[in-house]
file structure.cif (mmCIF, C-alpha atoms)
data_upload
loop_
_atom_site.label_atom_id
_atom_site.label_comp_id
_atom_site.auth_asym_id
_atom_site.auth_seq_id
_atom_site.Cartn_x
_atom_site.Cartn_y
_atom_site.Cartn_z
CA MET F 1 102.28 229.13 -84.68
CA LYS F 2 103.46 227.90 -81.31
CA PHE F 3 100.87 227.13 -78.64
CA GLY F 4 101.48 225.97 -75.11
CA PRO F 5 102.22 226.94 -71.50
CA VAL F 6 104.97 229.44 -70.66
CA PRO F 7 106.17 230.96 -67.38
CA LEU F 8 104.58 234.32 -66.64
CA SER F 9 108.00 235.91 -67.00
CA GLU F 10 107.86 235.03 -70.74
CA ALA F 11 104.18 235.80 -71.39
CA ALA F 12 104.29 239.54 -72.19
CA GLY F 13 103.64 240.25 -75.86
CA LYS F 14 102.19 236.80 -76.51
CA ILE F 15 98.51 235.96 -77.20
CA LEU F 16 96.42 234.62 -74.34
CA GLY F 17 95.29 231.09 -75.18
CA HIS F 18 92.26 230.73 -72.89
CA ASN F 19 89.79 232.92 -71.01
CA VAL F 20 90.88 233.79 -67.48
CA THR F 21 88.38 234.41 -64.69
CA GLY F 22 88.91 236.43 -61.54
CA PRO F 23 88.17 235.40 -57.92
CA ASP F 24 84.54 236.54 -58.33
CA GLY F 25 83.99 234.16 -61.25
CA ARG F 26 83.79 236.93 -63.82
CA ARG F 27 85.97 236.90 -66.89
CA LEU F 28 89.11 238.91 -66.31
CA PHE F 29 90.81 238.38 -69.68
CA ARG F 30 89.36 237.15 -72.95
CA LYS F 31 91.28 234.59 -74.98
CA GLY F 32 93.07 236.10 -77.97
CA LYS F 33 94.21 239.16 -76.04
CA PRO F 34 97.84 240.23 -76.54
CA LEU F 35 99.27 240.25 -73.03
CA ALA F 36 100.74 243.57 -71.86
CA PRO F 37 103.20 243.71 -68.92
CA GLU F 38 100.43 244.99 -66.62
CA ASP F 39 98.25 242.02 -67.63
CA VAL F 40 101.02 239.67 -66.61
CA GLU F 41 101.20 241.37 -63.19
CA ARG F 42 97.45 240.94 -62.67
CA LEU F 43 97.81 237.24 -63.54
CA ARG F 44 100.67 236.97 -61.08
CA ALA F 45 98.47 238.55 -58.40
CA LEU F 46 95.97 235.74 -59.00
CA GLY F 47 98.65 233.24 -58.09
CA ARG F 48 99.27 232.05 -61.65
CA LYS F 49 102.78 230.84 -62.43
CA THR F 50 102.26 229.73 -66.02
CA ILE F 51 99.77 230.59 -68.74
CA TYR F 52 98.82 229.07 -72.10
CA VAL F 53 99.73 231.38 -74.96
CA ALA F 54 100.00 231.49 -78.73
CA GLU F 55 103.06 232.88 -80.45
CA PHE F 56 103.27 233.69 -84.15
CA GLU F 57 106.09 232.30 -86.24
CA PRO F 58 107.53 233.75 -89.47
CA GLY F 59 105.05 233.35 -92.34
CA ASP F 60 101.99 233.04 -90.10
CA VAL F 61 98.75 234.79 -91.10
CA ASP F 62 96.56 236.01 -88.24
CA GLU F 63 93.09 234.43 -87.93
CA ASP F 64 91.07 237.43 -89.14
CA THR F 65 93.25 238.04 -92.19
CA ALA F 66 93.19 234.34 -93.07
CA ALA F 67 89.39 234.19 -92.68
CA ARG F 68 88.88 237.27 -94.86
CA ARG F 69 91.19 236.05 -97.61
CA ILE F 70 89.57 232.63 -97.86
CA ALA F 71 85.99 233.91 -97.47
CA GLU F 72 86.32 236.45 -100.28
CA LYS F 73 87.13 233.64 -102.72
CA LEU F 74 84.44 231.20 -101.59
CA PHE F 75 81.26 232.73 -102.96
CA GLU F 76 79.52 234.18 -105.96
CA GLY F 77 76.47 236.43 -106.13
CA ASP F 78 74.01 237.42 -103.47
CA PHE F 79 75.86 237.12 -100.18
CA ARG F 80 76.94 239.67 -97.59
CA LEU F 81 79.94 238.88 -95.42
CA SER F 82 80.04 239.78 -91.74
CA GLY F 83 83.35 239.88 -89.94
CA PRO F 84 85.99 238.73 -89.73
CA SER F 85 85.89 238.59 -85.97
CA THR F 86 87.83 236.07 -83.87
CA GLY F 87 88.60 234.27 -87.11
CA ARG F 88 84.95 233.90 -88.13
CA VAL F 89 83.11 235.12 -91.22
CA ASN F 90 79.37 234.59 -91.73
CA PHE F 91 77.74 234.52 -95.17
CA TYR F 92 74.31 236.18 -95.15
CA THR F 93 71.97 235.89 -98.13
CA THR F 94 70.84 239.14 -99.75
CA ALA F 95 68.20 237.61 -102.03
CA LEU F 96 65.61 234.85 -102.11
CA GLY F 97 67.17 231.81 -103.71
CA ILE F 98 68.65 228.32 -103.65
CA VAL F 99 72.04 227.67 -102.06
CA ARG F 100 74.34 225.72 -104.38
CA LEU F 101 77.52 224.04 -103.16
CA ASP F 102 80.40 222.10 -104.61
CA VAL F 103 80.21 219.41 -101.93
CA ASP F 104 83.46 217.69 -102.88
CA ARG F 105 85.44 220.92 -102.52
CA LEU F 106 83.60 221.69 -99.28
CA MET F 107 85.03 218.45 -97.88
CA GLU F 108 88.50 219.37 -99.16
CA ILE F 109 88.37 222.81 -97.52
CA ASN F 110 87.53 221.17 -94.22
CA ARG F 111 90.58 218.94 -94.56
CA CYS F 112 92.83 222.01 -94.47
CA GLU F 113 94.29 222.05 -90.97
CA GLY F 114 92.78 224.80 -88.87
CA VAL F 115 90.02 225.72 -91.37
CA THR F 116 86.36 224.79 -90.95
CA LEU F 117 83.47 225.72 -93.23
CA ALA F 118 79.90 224.90 -92.16
CA THR F 119 77.01 225.41 -94.58
CA LEU F 120 73.35 224.77 -95.10
CA ARG F 121 72.51 221.65 -97.05
CA ASN F 122 73.08 221.84 -100.77
CA ASN F 123 69.99 223.06 -102.68
CA SER F 124 68.42 224.67 -99.60
CA ALA F 125 65.83 227.39 -100.26
CA VAL F 126 66.67 230.56 -98.31
CA SER F 127 65.10 233.93 -97.64
CA VAL F 128 66.94 237.25 -97.35
CA GLY F 129 69.17 237.55 -94.28
CA LYS F 130 69.72 233.83 -93.74
CA ILE F 131 73.15 232.58 -92.65
CA ALA F 132 74.06 230.19 -95.45
CA ALA F 133 77.62 229.43 -94.31
CA THR F 134 80.15 230.13 -91.58
CA LEU F 135 83.92 230.05 -92.05
CA LYS F 136 86.05 229.71 -88.91
CA ILE F 137 89.81 229.71 -88.50
CA LEU F 138 90.39 227.61 -85.40
CA PRO F 139 93.90 228.64 -84.26
CA TYR F 140 95.00 232.25 -83.80
CA ALA F 141 97.06 232.04 -86.98
CA LEU F 142 97.67 229.80 -89.97
CA PRO F 143 100.81 229.23 -92.01
CA GLU F 144 100.72 231.10 -95.32
CA GLU F 145 100.84 227.82 -97.28
CA ILE F 146 97.61 226.57 -95.68
CA VAL F 147 95.85 229.87 -96.42
CA ARG F 148 96.94 229.68 -100.05
CA ALA F 149 95.83 226.06 -100.34
CA ALA F 150 92.38 226.93 -98.98
CA GLU F 151 92.14 229.94 -101.31
CA SER F 152 92.97 227.72 -104.28
CA LEU F 153 90.30 225.18 -103.31
CA ALA F 154 87.76 227.95 -102.79
CA VAL F 155 87.94 229.43 -106.27
CA LYS F 156 89.16 226.89 -108.86
CA SER F 157 87.01 227.17 -112.03
CA ARG F 158 84.02 228.56 -110.12
CA PRO F 159 83.22 229.60 -106.52
CA LEU F 160 82.42 226.85 -104.06
CA LEU F 161 79.29 228.62 -102.79
CA ARG F 162 76.69 230.45 -104.85
CA LEU F 163 73.07 231.56 -104.65
CA ASP F 164 70.67 231.01 -107.55
CA ARG F 165 67.90 233.57 -107.31
CA LEU F 166 64.30 232.38 -107.24
CA GLN F 167 62.22 234.15 -109.86
CA SER F 168 58.60 235.15 -109.31
CA ARG F 169 56.25 232.58 -110.87
CA ARG F 170 52.64 232.71 -111.99
CA VAL F 171 50.74 230.08 -110.00
CA SER F 172 47.26 228.64 -110.50
CA LEU F 173 45.50 226.63 -107.81
CA ILE F 174 42.86 224.11 -108.87
CA LEU F 175 40.87 222.55 -106.06
CA SER F 176 38.45 219.66 -106.33
CA GLY F 177 35.94 217.77 -104.27
CA SER F 178 32.29 217.66 -103.35
CA PRO F 179 30.32 220.83 -104.25
CA ALA F 180 28.87 220.88 -100.73
CA ALA F 181 32.38 221.27 -99.28
CA GLN F 182 33.61 223.85 -101.80
CA ASP F 183 33.88 226.83 -99.41
CA ARG F 184 35.64 224.79 -96.73
CA ILE F 185 38.13 223.32 -99.21
CA ILE F 186 39.00 226.73 -100.67
CA ARG F 187 39.51 228.23 -97.20
CA SER F 188 41.70 225.38 -95.99
CA PHE F 189 44.05 225.36 -99.00
CA ASP F 190 44.13 228.93 -100.28
CA SER F 191 45.55 230.71 -97.24
CA ALA F 192 48.08 228.01 -96.30
CA LEU F 193 49.45 227.66 -99.82
CA SER F 194 49.53 231.43 -100.35
CA GLU F 195 51.78 231.79 -97.30
CA ARG F 196 54.21 229.12 -98.48
CA LEU F 197 54.34 230.42 -102.03
CA ASP F 198 54.80 234.01 -100.88
CA ALA F 199 57.88 232.91 -98.93
CA LEU F 200 59.27 231.60 -102.23
CA GLY F 201 58.51 234.76 -104.18
CA ALA F 202 55.46 233.37 -106.01
CA GLU F 203 51.80 234.38 -105.92
CA ILE F 204 48.56 232.53 -106.60
CA GLU F 205 46.88 234.33 -109.50
CA THR F 206 43.79 232.15 -109.89
CA VAL F 207 41.84 229.76 -107.66
CA ASP F 208 39.37 227.40 -109.36
CA PHE F 209 37.12 224.69 -108.01
CA VAL F 210 36.09 221.62 -110.01
CA SER F 211 33.49 219.15 -108.75
CA LEU F 212 34.64 215.54 -108.90
CA ASP F 213 31.44 213.78 -107.94
CA GLU F 214 30.79 212.17 -111.31
CA GLU F 215 32.92 210.29 -113.82
CA GLU F 216 32.47 213.01 -116.44
CA ASP F 217 34.03 215.53 -114.04
CA GLU F 218 37.39 214.12 -115.12
CA THR F 219 36.91 215.94 -118.40
CA GLY F 220 36.10 219.20 -116.58
CA LEU F 221 39.31 218.96 -114.58
CA ALA F 222 41.36 218.24 -117.71
CA GLU F 223 39.80 221.24 -119.47
CA MET F 224 40.57 223.51 -116.50
CA LEU F 225 44.18 222.32 -116.44
CA GLY F 226 44.57 223.03 -120.14
CA ARG F 227 42.99 226.47 -119.79
CA ARG F 228 45.37 227.56 -117.02
CA VAL F 229 48.42 226.32 -118.90
CA ARG F 230 47.30 228.21 -122.03
CA ASP F 231 46.77 231.32 -119.88
CA GLY F 232 50.45 231.23 -118.95
CA ALA F 233 50.52 229.57 -115.52
CA GLU F 234 54.09 228.49 -114.73
CA LEU F 235 53.00 226.26 -111.86
CA VAL F 236 49.62 224.56 -111.48
CA ILE F 237 48.84 223.10 -108.06
CA LEU F 238 46.11 220.48 -107.73
CA ALA F 239 44.65 219.77 -104.31
CA GLY F 240 41.43 218.20 -103.20
CA GLU F 241 39.11 216.91 -100.54
CA THR F 242 40.46 213.35 -100.67
CA ALA F 243 43.80 211.77 -101.44
CA ILE F 244 44.52 210.15 -104.79
CA MET F 245 44.07 206.41 -104.33
CA ASP F 246 45.43 205.04 -107.59
CA ARG F 247 47.22 206.14 -110.76
CA HIS F 248 43.89 205.65 -112.53
CA ASP F 249 42.03 207.94 -110.13
CA ILE F 250 40.28 211.04 -111.52
CA ALA F 251 43.06 213.65 -111.04
CA PRO F 252 45.89 211.56 -112.57
CA ARG F 253 43.65 210.65 -115.50
CA ALA F 254 42.78 214.32 -116.03
CA VAL F 255 46.47 215.26 -116.05
#
call {"tool": "encode", "arguments": {"input": "structure.cif", "output": "structure tokens"}}
result
Amino acid sequence: MKFGPVPLSEAAGKILGHNVTGPDGRRLFRKGKPLAPEDVERLRALGRKTIYVAEFEPGDVDEDTAARRIAEKLFEGDFRLSGPSTGRVNFYTTALGIVRLDVDRLMEINRCEGVTLATLRNNSAVSVGKIAATLKILPYALPEEIVRAAESLAVKSRPLLRLDRLQSRRVSLILSGSPAAQDRIIRSFDSALSERLDALGAEIETVDFVSLDEEEDETGLAEMLGRRVRDGAELVILAGETAIMDRHDIAPRAV
């Protein structure tokens, strides 16, 4: 693709390189617009003598087609593509899950001239409708060989971008502390943790409280842990009134 300034007499049929504003400061022409003869006359009326334009060469692939071709090979699983528009495709998640990336190939894709792929961090937890990645073709067109190179990097033995679904898990919450503070401890942990777990597709099935005032309470906590594991809890969360101070503290010893 050629890009640069040309006299207005040569601009018709070419692609406008930059936005053009009128005398009132409002945008008159949007970049990317194919210039018709009447557009050229309006530019001439503004006093313009030259204009920056893009001109396709043989073998060029327009930005939207290039973006679509590369994007369709980048992902696997629960994503919805939006676009292409102005050379951009967004990847929206359609399920709760963890975004997985091949980081090395991500870097290689971004070394392809004119191609940029921005993503969330690898192993990010995402909800439905989150933009996990954005592919953008920077120029108005790419040579066919660059598009093919990016397509090849995108797919290889497996897609560069995938979403591993989060499965619903059975969660047990075991709280500990002074019996006098039991109600306050349950209130402070239960609602906050329920919110966070719900966002990850999990639900607290049981909430237990174990007093840890005496040394023998270590045994009670260990027994409660064992009971919840035997009942089928897939995640057991321990929280308490005070922080663990040492590996030989009551909670670590009970575990």
call {"tool": "residues_around", "arguments": {"input": "structure.cif", "residues": "region 29-44 of chain F", "least_positions_apart": "4", "cutoff": "8 Å", "atoms": "all atoms listed in the file", "output": "VMD selection string"}}
result
chain F and resid 8 to 9 11 to 21 48 to 49 86 140
call {"tool": "write_last_selection", "arguments": {"input": "structure.cif", "atoms": "C-alpha atoms", "output": "PDB file, in the frame of the given file"}}
result
ATOM      1  CA  LEU F   8     104.580 234.320 -66.640  1.00  0.00           C
ATOM      2  CA  SER F   9     108.000 235.910 -67.000  1.00  0.00           C
ATOM      3  CA  ALA F  11     104.180 235.800 -71.390  1.00  0.00           C
ATOM      4  CA  ALA F  12     104.290 239.540 -72.190  1.00  0.00           C
ATOM      5  CA  GLY F  13     103.640 240.250 -75.860  1.00  0.00           C
ATOM      6  CA  LYS F  14     102.190 236.800 -76.510  1.00  0.00           C
ATOM      7  CA  ILE F  15      98.510 235.960 -77.200  1.00  0.00           C
ATOM      8  CA  LEU F  16      96.420 234.620 -74.340  1.00  0.00           C
ATOM      9  CA  GLY F  17      95.290 231.090 -75.180  1.00  0.00           C
ATOM     10  CA  HIS F  18      92.260 230.730 -72.890  1.00  0.00           C
ATOM     11  CA  ASN F  19      89.790 232.920 -71.010  1.00  0.00           C
ATOM     12  CA  VAL F  20      90.880 233.790 -67.480  1.00  0.00           C
ATOM     13  CA  THR F  21      88.380 234.410 -64.690  1.00  0.00           C
ATOM     14  CA  ARG F  48      99.270 232.050 -61.650  1.00  0.00           C
ATOM     15  CA  LYS F  49     102.780 230.840 -62.430  1.00  0.00           C
ATOM     16  CA  THR F  86      87.830 236.070 -83.870  1.00  0.00           C
ATOM     17  CA  TYR F 140      95.000 232.250 -83.800  1.00  0.00           C
TER      18      TYR F 140
END
call {"tool": "atom_distance", "arguments": {"input": "structure.cif", "atom1": "CA of Ala222 (chain F)", "atom2": "CA of Asp208 (chain F)"}}
result
12.6 Å
call {"tool": "atom_distance", "arguments": {"input": "structure.cif", "atom1": "CA of Phe3 (chain F)", "atom2": "CA of Pro58 (chain F)"}}
result
14.3 Å
call {"tool": "closest_residue", "arguments": {"input": "structure.cif", "among": "F:Glu72, F:Glu195, F:Glu205, F:Asp104", "to": "Glu151 (chain F)", "atoms": "all atoms listed in the file"}}
result
F:Glu72
call {"tool": "resolve_selection", "arguments": {"input": "structure.cif", "expression": "the PyMOL selection byres ((chain F and resi 91) around 8)", "output": "list in words"}}
result
Phe79, Arg80, Leu81, Ser82, Val89, Asn90, Tyr92, Thr93, Ile131, Ala132, Ala133 and Thr134 of chain F
call {"tool": "resolve_selection", "arguments": {"input": "structure.cif", "expression": "the PyMOL selection byres ((chain F and resi 249-251) around 9)", "output": "MDAnalysis selection string"}}
result
chainID F and resid 176 212 215 217:218 221:222 238 244:248 252:255
call {"tool": "residues_around", "arguments": {"input": "structure.cif", "residues": "Pro139 (chain F)", "least_positions_apart": "3", "cutoff": "10 Å", "atoms": "all atoms listed in the file", "output": "VMD selection string"}}
result
chain F and resid 1 3 17 32 54 62 to 63 86 to 87 113 to 115 136 142
call {"tool": "atom_distance", "arguments": {"input": "structure.cif", "atom1": "CA of Arg170 (chain F)", "atom2": "CA of Ala202 (chain F)"}}
result
6.6 Å
call {"tool": "residues_around", "arguments": {"input": "structure.cif", "residues": "Ala180 (chain F)", "least_positions_apart": "5", "cutoff": "12 Å", "atoms": "all atoms listed in the file", "output": "number ranges by chain"}}
result
F: 185-186, 209-213, 241
call {"tool": "write_last_selection", "arguments": {"input": "structure.cif", "atoms": "C-alpha atoms", "output": "PDB file, in the frame of the given file"}}
result
ATOM      1  CA  ILE F 185      38.130 223.320 -99.210  1.00  0.00           C
ATOM      2  CA  ILE F 186      39.000 226.730-100.670  1.00  0.00           C
ATOM      3  CA  PHE F 209      37.120 224.690-108.010  1.00  0.00           C
ATOM      4  CA  VAL F 210      36.090 221.620-110.010  1.00  0.00           C
ATOM      5  CA  SER F 211      33.490 219.150-108.750  1.00  0.00           C
ATOM      6  CA  LEU F 212      34.640 215.540-108.900  1.00  0.00           C
ATOM      7  CA  ASP F 213      31.440 213.780-107.940  1.00  0.00           C
ATOM      8  CA  GLU F 241      39.110 216.910-100.540  1.00  0.00           C
TER       9      GLU F 241
END
call {"tool": "residues_around", "arguments": {"input": "structure.cif", "residues": "Ser194 (chain F)", "least_positions_apart": "3", "cutoff": "7 Å", "atoms": "all atoms listed in the file", "output": "PDB file with C-alpha atoms, in the frame of the given file"}}
result
ATOM      1  CA  ASP F 190      44.130 228.930-100.280  1.00  0.00           C
ATOM      2  CA  SER F 191      45.550 230.710 -97.240  1.00  0.00           C
ATOM      3  CA  LEU F 197      54.340 230.420-102.030  1.00  0.00           C
ATOM      4  CA  ASP F 198      54.800 234.010-100.880  1.00  0.00           C
ATOM      5  CA  GLU F 203      51.800 234.380-105.920  1.00  0.00           C
ATOM      6  CA  ILE F 204      48.560 232.530-106.600  1.00  0.00           C
TER       7      ILE F 204
END
call {"tool": "resolve_selection", "arguments": {"input": "structure.cif", "expression": "the PyMOL selection byres ((chain F and resi 65) around 10)", "output": "compact mmCIF listing (two decimals) with C-alpha atoms, in the coordinates of the input"}}
result
# COMPACT_ATOMS: atom_id res chain seq x y z
CA VAL F 61 98.75 234.79 -91.10
CA ASP F 62 96.56 236.01 -88.24
CA GLU F 63 93.09 234.43 -87.93
CA ASP F 64 91.07 237.43 -89.14
CA ALA F 66 93.19 234.34 -93.07
CA ALA F 67 89.39 234.19 -92.68
CA ARG F 68 88.88 237.27 -94.86
CA ARG F 69 91.19 236.05 -97.61
CA ILE F 70 89.57 232.63 -97.86
CA ALA F 71 85.99 233.91 -97.47
CA PRO F 84 85.99 238.73 -89.73
CA SER F 85 85.89 238.59 -85.97
CA GLY F 87 88.60 234.27 -87.11
CA ILE F 137 89.81 229.71 -88.50
CA ALA F 141 97.06 232.04 -86.98
CA LEU F 142 97.67 229.80 -89.97
CA VAL F 147 95.85 229.87 -96.42
